[in-house]
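This is data34.txt. It holds compact mmCIF, C-alpha atoms.
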# COMPACT_ATOMS: atom_id res chain seq x y z
CA MET A 22 0.00 0.00 0.00
CA ARG A 23 1.22 3.50 -0.77
CA THR A 24 -0.16 6.37 1.23
CA SER A 25 0.87 10.00 1.30
CA ILE A 26 0.48 12.54 4.07
CA GLU A 27 -0.42 16.10 3.26
CA GLY A 28 -1.09 18.81 5.76
CA PRO A 29 -4.58 20.00 6.60
CA ARG A 30 -5.91 22.18 3.82
CA PHE A 31 -8.56 24.77 3.42
CA PRO A 32 -11.86 23.02 2.67
CA VAL A 33 -12.68 22.54 -1.01
CA PRO A 34 -16.22 23.67 -1.91
CA GLN A 35 -17.97 20.42 -2.72
CA HIS A 36 -19.94 21.59 -5.72
CA GLU A 37 -16.75 23.02 -7.27
CA ALA A 38 -14.84 19.82 -6.69
CA LEU A 39 -17.57 17.65 -8.18
CA LYS A 40 -17.58 19.73 -11.35
CA THR A 41 -14.02 18.61 -12.07
CA VAL A 42 -15.04 14.96 -12.54
CA ASN A 43 -15.41 14.38 -16.27
CA ILE A 44 -15.93 11.14 -18.10
CA PRO A 45 -14.82 11.14 -21.74
CA ASP A 46 -17.34 10.29 -24.42
CA ASN A 47 -16.40 7.01 -26.13
CA THR A 48 -19.32 6.79 -28.55
CA LYS A 49 -17.31 8.16 -31.53
CA VAL A 50 -14.15 6.09 -30.97
CA THR A 51 -13.65 2.96 -33.05
CA ASP A 52 -9.97 2.09 -32.45
CA PRO A 53 -10.10 -0.89 -30.04
CA VAL A 54 -6.97 0.22 -28.12
CA LEU A 55 -8.31 3.77 -27.61
CA LEU A 56 -11.73 2.39 -26.76
CA ASN A 57 -10.22 0.19 -24.05
CA ASP A 58 -8.30 3.18 -22.61
CA LEU A 59 -11.42 5.36 -22.60
CA GLU A 60 -13.41 2.66 -20.86
CA LEU A 61 -10.65 2.30 -18.27
CA GLU A 62 -10.73 6.08 -17.79
CA GLN A 63 -14.45 5.90 -17.09
CA ILE A 64 -13.94 3.05 -14.64
CA ALA A 65 -11.10 4.88 -12.85
CA MET A 66 -12.95 8.18 -12.46
CA ALA A 67 -16.22 6.59 -11.26
CA THR A 68 -14.29 4.43 -8.77
CA LEU A 69 -12.23 7.37 -7.50
CA LEU A 70 -15.32 9.51 -6.95
CA ILE A 71 -16.96 6.79 -4.87
CA GLY A 72 -13.73 6.29 -2.89
CA ARG A 73 -13.37 10.00 -2.31
CA LEU A 74 -16.96 10.42 -1.11
CA LEU A 75 -16.55 7.44 1.22
CA MET A 76 -13.45 9.04 2.76
CA GLU A 77 -15.20 12.40 3.12
CA SER A 78 -18.13 10.74 4.88
CA GLY A 79 -15.96 9.08 7.54
CA ALA A 80 -15.26 5.57 6.23
CA ARG A 81 -12.07 3.88 7.36
CA ALA A 82 -9.37 3.11 4.81
CA GLU A 83 -10.08 -0.60 4.52
CA VAL A 84 -13.71 0.03 3.61
CA VAL A 85 -12.62 2.55 0.96
CA HIS A 86 -10.10 0.11 -0.52
CA GLU A 87 -12.49 -2.82 -0.50
CA ASP A 88 -15.41 -0.89 -1.99
CA CYS A 89 -13.24 0.71 -4.70
CA SER A 90 -11.96 -2.73 -5.63
CA ILE A 91 -15.54 -4.06 -5.86
CA VAL A 92 -16.58 -1.10 -8.02
CA ALA A 93 -13.66 -1.32 -10.47
CA HIS A 94 -13.97 -5.10 -10.82
CA GLY A 95 -17.74 -4.71 -11.15
CA PHE A 96 -17.14 -2.44 -14.17
CA GLY A 97 -14.86 -5.01 -15.78
CA ALA A 98 -11.32 -4.13 -14.62
CA ASP A 99 -8.94 -7.09 -14.32
CA HIS A 100 -6.64 -5.55 -11.72
CA VAL A 101 -6.99 -2.59 -9.31
CA ASP A 102 -4.43 -0.82 -7.08
CA LEU A 103 -5.52 2.02 -4.79
CA ARG A 104 -3.43 4.47 -2.79
CA SER A 105 -5.38 6.36 -0.14
CA GLY A 106 -3.81 9.49 1.30
CA TYR A 107 -5.32 12.04 3.67
CA ALA A 108 -5.85 14.57 0.89
CA SER A 109 -6.05 12.46 -2.28
CA VAL A 110 -6.74 9.00 -3.65
CA ASP A 111 -4.92 7.42 -6.59
CA ILE A 112 -5.98 4.40 -8.61
CA THR A 113 -4.38 2.17 -11.21
CA VAL A 114 -6.76 -0.02 -13.21
CA SER A 115 -5.81 -2.63 -15.79
CA ARG A 116 -7.66 -4.64 -18.37
CA GLY A 117 -5.88 -6.80 -20.89
CA ASP A 118 -2.75 -4.95 -22.03
CA SER A 119 -4.04 -1.51 -21.04
CA THR A 120 -3.31 0.19 -17.74
CA ILE A 121 -4.10 3.73 -16.57
CA THR A 122 -3.43 5.64 -13.35
CA ARG A 123 -5.57 8.54 -12.15
CA THR A 124 -5.72 10.68 -9.00
CA MET A 125 -8.43 12.71 -7.26
CA GLU A 126 -8.35 15.21 -4.41
CA VAL A 127 -10.21 14.42 -1.21
CA GLY A 128 -12.05 17.25 0.53
CA PRO A 129 -12.45 17.81 4.27
CA HIS A 130 -12.98 14.61 6.25
CA GLY A 131 -16.31 14.60 8.04
CA VAL A 132 -18.84 12.08 9.32
CA ASP A 133 -22.06 11.54 7.33
CA HIS A 134 -23.59 8.19 8.09
CA ARG A 135 -26.50 8.45 5.66
CA LEU A 136 -24.23 9.34 2.74
CA SER A 137 -21.82 6.55 3.63
CA HIS A 138 -24.69 4.05 3.82
CA ALA A 139 -26.14 5.20 0.49
CA LEU A 140 -22.73 4.94 -1.20
CA ARG A 141 -22.28 1.39 0.02
CA ASP A 142 -25.72 0.48 -1.34
CA LEU A 143 -24.56 1.95 -4.66
CA VAL A 144 -21.43 -0.22 -4.51
CA ARG A 145 -23.63 -3.32 -4.09
CA ARG A 146 -25.68 -2.36 -7.16
CA ILE A 147 -22.50 -1.92 -9.19
CA GLN A 148 -21.27 -5.31 -7.99
CA GLN A 149 -24.50 -6.86 -9.28
CA GLY A 150 -23.75 -5.34 -12.71
CA ASN A 151 -26.75 -3.01 -12.76
CA LEU A 152 -24.91 0.24 -13.61
CA THR A 153 -22.43 1.60 -16.17
CA PRO A 154 -19.56 3.86 -14.99
CA SER A 155 -21.35 6.99 -16.31
CA GLU A 156 -24.55 6.07 -14.50
CA ALA A 157 -22.62 5.31 -11.30
CA LEU A 158 -20.83 8.66 -11.48
CA ALA A 159 -24.12 10.49 -11.94
CA LYS A 160 -25.70 8.59 -9.07
CA ALA A 161 -22.75 9.20 -6.72
CA THR A 162 -22.79 12.92 -7.54
CA GLY A 163 -26.55 12.95 -6.92
CA LEU A 164 -26.12 11.19 -3.58
CA LYS A 165 -23.63 13.82 -2.42
CA ARG A 166 -26.05 16.57 -3.42
CA ASP A 167 -29.34 15.00 -2.32
CA THR A 168 -28.61 12.97 0.83
CA PRO A 169 -30.94 14.38 3.49
CA HIS A 170 -29.54 16.17 6.54
CA PHE A 171 -31.14 17.35 9.75
CA VAL A 172 -32.06 21.04 9.85
CA PRO A 173 -29.22 23.15 11.35
CA TRP A 174 -31.17 24.24 14.45
CA LEU A 175 -31.90 20.62 15.33
CA VAL A 176 -28.22 19.68 14.92
CA ALA A 177 -27.21 22.60 17.16
CA LEU A 178 -29.79 21.62 19.79
CA ALA A 179 -28.73 17.96 19.69
CA ALA A 180 -25.06 18.93 20.05
CA GLY A 181 -25.87 21.12 23.06
CA ILE A 182 -27.88 18.38 24.78
CA ALA A 183 -25.14 15.84 24.01
CA CYS A 184 -22.54 18.13 25.63
CA ALA A 185 -24.68 18.55 28.75
CA ALA A 186 -25.28 14.77 28.93
CA PHE A 187 -21.55 14.19 28.48
CA GLY A 188 -21.01 16.67 31.31
CA ARG A 189 -23.31 14.68 33.61
CA LEU A 190 -21.16 11.62 32.91
CA LEU A 191 -18.15 13.67 34.05
CA GLY A 192 -19.83 14.84 37.29
CA LEU A 193 -21.48 18.08 36.15
CA ASP A 194 -24.06 19.28 38.69
CA TRP A 195 -27.67 20.09 37.77
CA PRO A 196 -27.43 23.93 37.95
CA ALA A 197 -24.82 23.84 35.15
CA PHE A 198 -26.83 21.48 32.91
CA LEU A 199 -28.87 24.09 31.02
CA PRO A 200 -26.00 26.62 30.64
CA VAL A 201 -23.81 23.87 29.15
CA ALA A 202 -26.59 22.74 26.78
CA ALA A 203 -27.19 26.33 25.66
CA ALA A 204 -23.47 27.10 25.25
CA GLY A 205 -22.91 23.88 23.29
CA ALA A 206 -25.88 24.64 21.01
CA ILE A 207 -24.70 28.20 20.34
CA GLY A 208 -21.17 26.93 19.69
CA GLN A 209 -22.44 24.33 17.22
CA ALA A 210 -24.56 26.95 15.41
CA VAL A 211 -21.51 29.23 15.06
CA ARG A 212 -19.42 26.26 13.93
CA GLN A 213 -21.92 25.52 11.14
CA VAL A 214 -21.82 29.14 9.96
CA MET A 215 -17.99 29.16 9.97
CA LEU A 216 -17.86 25.82 8.11
CA ARG A 217 -20.15 27.23 5.42
CA ARG A 218 -17.75 30.19 5.10
CA LEU A 219 -14.89 27.70 4.58
CA VAL A 220 -12.90 28.87 7.60
CA ASN A 221 -9.99 26.58 8.54
CA VAL A 222 -11.22 23.74 10.77
CA PHE A 223 -8.53 24.30 13.44
CA VAL A 224 -9.37 27.99 13.68
CA ILE A 225 -13.04 27.04 13.97
CA ALA A 226 -12.20 24.64 16.81
CA ALA A 227 -10.33 27.32 18.80
CA CYS A 228 -12.97 30.04 18.23
CA VAL A 229 -15.94 27.79 19.03
CA ALA A 230 -14.18 26.35 22.08
CA PHE A 231 -13.50 29.85 23.37
CA LEU A 232 -17.10 30.98 22.78
CA SER A 233 -18.83 27.89 24.20
CA SER A 234 -16.50 27.60 27.16
CA SER A 235 -16.90 31.29 28.08
CA LEU A 236 -20.69 31.11 27.81
CA ALA A 237 -20.86 27.88 29.81
CA GLY A 238 -18.53 29.25 32.50
CA LEU A 239 -20.52 32.48 32.85
CA GLY A 240 -23.86 30.68 32.82
CA ALA A 241 -22.80 27.99 35.27
CA SER A 242 -21.37 30.46 37.79
CA ARG A 243 -24.50 32.65 37.53
CA ALA A 244 -26.63 29.52 38.13
CA GLY A 245 -24.67 28.75 41.30
CA SER A 246 -22.91 25.65 40.00
CA ALA A 247 -20.06 24.13 41.98
CA THR A 248 -18.63 22.52 38.83
CA VAL A 249 -17.81 25.53 36.66
CA ASN A 250 -14.56 24.01 35.36
CA VAL A 251 -16.32 20.82 34.27
CA ALA A 252 -19.01 22.96 32.60
CA MET A 253 -16.37 24.91 30.65
CA VAL A 254 -14.84 21.70 29.27
CA ALA A 255 -18.14 19.82 28.77
CA SER A 256 -19.54 22.58 26.53
CA VAL A 257 -16.86 21.95 23.88
CA LEU A 258 -17.01 18.16 23.77
CA MET A 259 -18.98 18.18 20.48
CA LEU A 260 -15.68 19.35 18.91
CA VAL A 261 -13.69 16.30 20.08
CA PRO A 262 -12.93 14.22 16.95
CA GLY A 263 -13.98 10.81 18.25
CA VAL A 264 -14.66 9.07 14.92
CA PRO A 265 -11.38 10.24 13.31
CA ALA A 266 -9.55 8.97 16.41
CA PHE A 267 -11.16 5.52 16.03
CA ASN A 268 -10.48 5.56 12.27
CA ALA A 269 -6.83 6.40 12.92
CA GLN A 270 -6.47 3.34 15.14
CA SER A 271 -8.37 1.09 12.73
CA ASP A 272 -6.31 2.27 9.76
CA ILE A 273 -3.05 1.52 11.55
CA MET A 274 -4.32 -1.88 12.70
CA GLU A 275 -5.58 -2.77 9.21
CA GLY A 276 -2.38 -2.00 7.32
CA HIS A 277 -2.73 1.69 6.44
CA PRO A 278 -0.32 3.24 8.97
CA THR A 279 0.50 6.44 7.09
CA LEU A 280 -3.15 7.43 6.61
CA GLY A 281 -3.82 6.42 10.22
CA THR A 282 -0.90 8.55 11.39
CA ALA A 283 -2.12 11.53 9.37
CA ARG A 284 -5.55 11.20 10.93
CA GLY A 285 -3.97 10.86 14.39
CA VAL A 286 -1.89 14.01 13.93
CA CYS A 287 -5.01 15.95 12.89
CA VAL A 288 -6.83 14.65 15.99
CA ILE A 289 -3.98 15.88 18.23
CA MET A 290 -3.90 19.26 16.45
CA LEU A 291 -7.67 19.66 16.87
CA LEU A 292 -7.47 18.77 20.57
CA THR A 293 -4.68 21.34 21.01
CA PHE A 294 -6.73 24.08 19.35
CA ILE A 295 -9.79 23.17 21.44
CA ALA A 296 -7.66 23.33 24.61
CA ILE A 297 -6.29 26.75 23.59
CA GLY A 298 -9.86 28.05 23.21
CA VAL A 299 -10.89 26.70 26.62
CA LEU A 300 -7.70 27.99 28.25
CA LEU A 301 -8.30 31.50 26.89
CA ALA A 302 -11.85 31.37 28.26
CA GLN A 303 -10.52 30.30 31.66
CA VAL A 304 -8.03 33.17 31.66
CA LEU A 305 -10.82 35.57 30.69
CA LEU A 306 -13.11 34.35 33.49
CA GLY A 307 -10.31 33.94 36.01
CA ALA A 308 -11.07 30.24 36.46
CA GLN A 309 -8.33 27.80 37.51
CA PRO A 310 -7.74 24.97 34.98
CA MET B 1 -19.42 -5.98 44.40
CA THR B 2 -21.98 -3.25 45.17
CA VAL B 3 -23.79 -1.47 42.37
CA ASP B 4 -25.34 1.94 43.04
CA GLY B 5 -28.60 1.66 41.09
CA LEU B 6 -29.19 5.39 40.88
CA HIS B 7 -25.65 6.04 39.63
CA LEU B 8 -26.03 3.24 37.08
CA LEU B 9 -29.31 4.72 35.85
CA ASN B 10 -27.70 8.18 35.59
CA GLN B 11 -24.81 6.82 33.54
CA ALA B 12 -27.05 4.73 31.24
CA LEU B 13 -29.53 7.56 30.68
CA PHE B 14 -26.94 10.23 29.91
CA GLY B 15 -24.87 7.79 27.86
CA ALA B 16 -27.95 7.21 25.72
CA VAL B 17 -28.68 10.95 25.41
CA ALA B 18 -25.05 11.77 24.52
CA ALA B 19 -24.83 8.98 21.92
CA SER B 20 -28.09 9.95 20.22
CA GLY B 21 -27.06 13.63 20.24
CA PHE B 22 -23.84 12.69 18.48
CA GLY B 23 -25.95 10.47 16.19
CA VAL B 24 -27.73 13.61 14.96
CA LEU B 25 -24.35 15.31 14.50
CA PHE B 26 -23.13 12.32 12.44
CA ASN B 27 -26.32 12.37 10.31
CA PHE B 28 -27.73 8.99 11.31
CA GLY B 29 -31.33 8.52 10.11
CA TRP B 30 -34.24 8.89 12.54
CA ARG B 31 -34.66 5.10 12.64
CA ASP B 32 -31.03 4.61 13.66
CA LEU B 33 -31.04 7.21 16.44
CA ARG B 34 -32.81 4.84 18.85
CA TRP B 35 -30.05 2.31 18.17
CA CYS B 36 -27.44 5.00 18.90
CA ALA B 37 -29.20 5.61 22.23
CA ALA B 38 -29.32 1.88 23.02
CA SER B 39 -25.67 1.53 22.09
CA GLY B 40 -24.64 4.45 24.34
CA ALA B 41 -26.72 3.13 27.24
CA LEU B 42 -25.19 -0.35 26.89
CA ALA B 43 -21.65 1.10 26.78
CA LEU B 44 -22.07 3.22 29.92
CA THR B 45 -23.94 0.47 31.79
CA ALA B 46 -21.19 -2.06 31.07
CA ARG B 47 -18.44 0.40 31.99
CA THR B 48 -20.12 1.46 35.25
CA ILE B 49 -20.73 -2.14 36.36
CA ALA B 50 -17.11 -3.02 35.59
CA GLN B 51 -15.82 0.02 37.50
CA ASP B 52 -18.10 -0.81 40.46
CA ALA B 53 -16.52 -4.27 40.40
CA GLY B 54 -13.16 -2.62 40.99
CA TRP B 55 -11.82 -2.60 37.44
CA SER B 56 -9.68 0.31 36.29
CA LEU B 57 -11.23 2.88 33.92
CA GLU B 58 -9.22 1.51 31.00
CA ALA B 59 -10.19 -2.13 31.59
CA ALA B 60 -13.83 -1.18 32.13
CA THR B 61 -13.80 0.87 28.92
CA PHE B 62 -12.32 -2.04 26.98
CA ALA B 63 -15.04 -4.38 28.30
CA ALA B 64 -17.75 -1.84 27.50
CA ALA B 65 -16.49 -1.30 23.93
CA ALA B 66 -16.32 -5.06 23.39
CA ALA B 67 -19.86 -5.44 24.78
CA VAL B 68 -21.17 -2.79 22.38
CA GLY B 69 -19.30 -4.40 19.48
CA CYS B 70 -20.81 -7.79 20.37
CA GLY B 71 -24.28 -6.23 20.66
CA GLY B 72 -23.93 -4.78 17.17
CA ARG B 73 -22.76 -8.12 15.80
CA LEU B 74 -25.68 -9.99 17.39
CA LEU B 75 -28.10 -7.56 15.73
CA ARG B 76 -26.21 -7.61 12.42
CA ALA B 77 -29.08 -9.26 10.56
CA HIS B 78 -31.35 -6.44 11.69
CA LEU B 79 -28.96 -3.50 11.44
CA GLY B 80 -27.03 -4.50 8.29
CA ILE B 81 -23.75 -2.71 7.59
CA ALA B 82 -24.74 0.04 10.04
CA ASN B 83 -23.90 -2.19 13.01
CA ASN B 84 -20.27 -1.08 13.10
CA ALA B 85 -21.11 2.63 12.84
CA LEU B 86 -23.70 2.28 15.60
CA ALA B 87 -21.15 0.62 17.87
CA VAL B 88 -18.78 3.54 17.26
CA ALA B 89 -21.58 6.03 18.06
CA GLY B 90 -22.26 4.19 21.31
CA CYS B 91 -18.62 4.45 22.32
CA ILE B 92 -18.41 8.20 21.68
CA PRO B 93 -19.57 9.07 25.26
CA MET B 94 -16.55 7.12 26.55
CA VAL B 95 -14.04 9.17 24.53
CA PRO B 96 -11.69 10.74 27.11
CA GLY B 97 -12.05 14.31 25.85
CA PHE B 98 -12.05 15.72 29.39
CA PHE B 99 -8.78 13.97 30.27
CA ALA B 100 -7.26 15.13 26.97
CA ALA B 101 -8.13 18.74 27.81
CA GLN B 102 -6.67 18.36 31.32
CA ALA B 103 -3.48 16.86 29.91
CA ILE B 104 -3.03 19.76 27.47
CA PHE B 105 -3.77 22.30 30.24
CA GLY B 106 -1.09 20.57 32.31
CA LEU B 107 1.43 20.91 29.48
CA PHE B 108 0.60 24.60 29.15
CA ALA B 109 1.01 25.06 32.92
CA LEU B 110 4.36 23.24 32.88
CA THR B 111 5.74 25.63 30.29
CA ALA B 112 4.66 28.72 32.24
CA PRO B 113 7.58 30.93 33.49
CA HIS B 114 7.41 29.86 37.16
CA PRO B 115 5.08 26.85 37.60
CA ASP B 116 4.00 25.89 41.13
CA ASN B 117 5.36 22.51 42.15
CA PRO B 118 6.48 21.41 38.66
CA SER B 119 7.21 17.82 39.71
CA LYS B 120 3.67 17.22 40.93
CA LEU B 121 2.30 19.01 37.88
CA ALA B 122 4.38 16.81 35.56
CA VAL B 123 3.16 13.64 37.25
CA THR B 124 -0.49 14.76 37.08
CA THR B 125 -0.14 15.76 33.43
CA MET B 126 1.52 12.46 32.59
CA GLU B 127 -1.28 10.60 34.38
CA PHE B 128 -3.95 12.40 32.34
CA ALA B 129 -2.05 11.86 29.09
CA LEU B 130 -1.59 8.16 29.78
CA ARG B 131 -5.28 7.83 30.65
CA VAL B 132 -6.19 9.39 27.30
CA ILE B 133 -3.90 7.05 25.39
CA PHE B 134 -4.96 3.91 27.23
CA THR B 135 -8.69 4.72 27.28
CA ALA B 136 -8.81 5.65 23.59
CA GLY B 137 -6.74 2.54 22.86
CA ALA B 138 -9.12 0.42 24.94
CA ILE B 139 -12.14 1.64 22.96
CA GLY B 140 -10.40 1.03 19.63
CA ALA B 141 -9.15 -2.39 20.69
CA GLY B 142 -12.50 -3.45 22.15
CA LEU B 143 -14.36 -2.54 18.97
CA SER B 144 -11.73 -3.81 16.54
CA ILE B 145 -11.15 -7.17 18.18
CA VAL B 146 -14.85 -8.03 18.08
CA THR B 147 -15.15 -6.76 14.50
CA HIS B 148 -12.17 -8.71 13.23
CA ILE B 149 -13.04 -11.95 14.99
CA SER B 150 -16.67 -12.02 13.91
CA ARG B 151 -16.76 -10.43 10.48
CA ARG B 152 -17.78 -12.32 7.37
CA GLU B 153 -16.55 -9.84 4.76
CA VAL B 154 -13.98 -7.03 4.80
CA HIS B 155 -16.41 -4.12 4.71
CA ASP B 156 -18.70 -5.71 7.26

For the structure just supplied, provide its representation as structure tokens.
Amino acid sequence: MRTSIEGPRFPVPQHEALKTVNIPDNTKVTDPVLLNDLELEQIAMATLLIGRLLMESGARAEVVHEDCSIVAHGFGADHVDLRSGYASVDITVSRGDSTITRTMEVGPHGVDHRLSHALRDLVRRIQQGNLTPSEALAKATGLKRDTPHFVPWLVALAAGIACAAFGRLLGLDWPAFLPVAAAGAIGQAVRQVMLRRLVNVFVIAACVAFLSSSLAGLGASRAGSATVNVAMVASVLMLVPGVPAFNAQSDIMEGHPTLGTARGVCVIMLLTFIAIGVLLAQVLLGAQP
Amino acid sequence: MTVDGLHLLNQALFGAVAASGFGVLFNFGWRDLRWCAASGALALTARTIAQDAGWSLEAATFAAAAAVGCGGRLLRAHLGIANNALAVAGCIPMVPGFFAAQAIFGLFALTAPHPDNPSKLAVTTMEFALRVIFTAGAIGAGLSIVTHISRREVHD
């Protein structure tokens, strides 16, 4: 396996990135060698798009490799090699005497269970031979665009309640419960706005941690809580990258150590930026860490 | 072993709420959110019982992650390929984010110009950092071991 590490990048607007995926038209080509190459090109690009969307929706490397292999073989490739990096995926597909290699950028890594599930259903349909590469590409692009999401206010509310519940597990007292839920919800709402504006994810983590932690600390102390410090940390727990941390471990265990290491480094960086935000809030409020 | 029923209920309830809240964040469907809640409740129940039995946090977390992984596997026919993702969602409330923050605060405090009692601070910081590493490792190992032993296909 070959895997490259690239540093965290500014997020790529998804609609812009999807526009770059083109499949050549092979209807006017009659030379059998060129026809084979064009078909391989179609197979490679459709496979790469599915692999890229899987990575962006939080799949671990082994799932990406396995599903890309199923897709390419399902379209008629004899041999497939995939290299999954943190910021790009490369594929080499062969059929007969022809071989081509293509690469595709990967956007920001997130977690989207419904998209991941839909993509894997698409992979099964391709395996059954029900789709051509062009149809698969169109369907994958459509899935990215049309997969339903919860409305932003509900996501913010759920994140706030999750933070408060997390806080209770850490010993948060009842007076601090509502302030933590409110601070977490406001922080998540601001995070969504900043993500839409394509702000760097580490900067978002520090800013949201500072905001949520300050609000939770102020609210908890006003409410007479005896666990203000726990409240200040609990309100930022929606930022902790739990799934990437698990994926990093799984990738290393399953033979993709460089991608796993890249994910691990990003997890540590995010935690550091979150801690900086909370620390600044504690300095502002005069709380002892 | 003595189990505090009220404490167990508190942990199970808030484990379920935290896991389903993160389920919304991770865009699980409405139908799957109840399974996120069940998964979180199972994880925190198992971990609390193990800790009440005198196990360390890390060992209890490993057992809880393995229990959630096994639960997902047992319901595989019903949950399909989502069983692994649901197990991960259930383990999210056990992620040692609080310890990680404390460890980083400790590092910041150690590098301050004149830290109070640096030896004690270093030991405390090291303790938090090790807890993060071992607890996160316990969750990953608990989930992975079950997955790898019981899977039928690679992307299962």

Please identify every residue of chain A that has at least one atom no more than 7 Å from any atom of chain B, counting all atoms listed in the file, and report them as a PyMOL selection string. chain A and resi 84+87+132-135+170-171+176+179-180+182-184+186-187+189-190+254+258+261+263+267+270+293+296+310

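Note that atom CA of B:Leu74 and atom CA of B:Ile49 are 21.1 Å apart.
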
Enclose stretch 274-292 of chain A, meaning all of its atoms listed in the file, in a box aligned along x, y and z, pad it by 5 Å on each side, and list the centre and edge lengths in Å to one decimal, as JSON.
{"center_x": -3.6, "center_y": 8.4, "center_z": 13.5, "size_x": 18.2, "size_y": 32.4, "size_z": 24.1}

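Atom to atom, atom CA of B:Leu33 and atom CA of A:Pro265 stand 20.1 Å apart.
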
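You will find atom CA of A:Ala283 at 6.6 Å from atom CA of A:Tyr107.
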
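Nearest to B:Arg47 of all the residues B:Leu107, B:Ile149, B:Ala138, B:Leu130 is B:Ala138, based on only C-alpha atoms.
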
Anything within 10 Å of (-28.9, 27.9, 32.4): list those residues as a list in words, counting all atoms listed in the file and sticking to the file's coordinates.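 Residues found, by chain and rising number: Trp195, Pro196, Ala197, Phe198, Leu199, Pro200, Val201, Ala202, Ala203, Ala204, Leu236, Ala237, Leu239, Gly240, Ala241, Ser242, Arg243, Ala244, Gly245 and Ser246 of chain A.
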
Exercise: stretch 90-105 of chain A partners within 6 Å, only C-alpha atoms, chain neighbours under 2 positions left out, as JSON, numbers by chain: {"A": [23, 24, 87, 88, 110, 111, 112, 113, 114, 115, 116, 147, 148]}
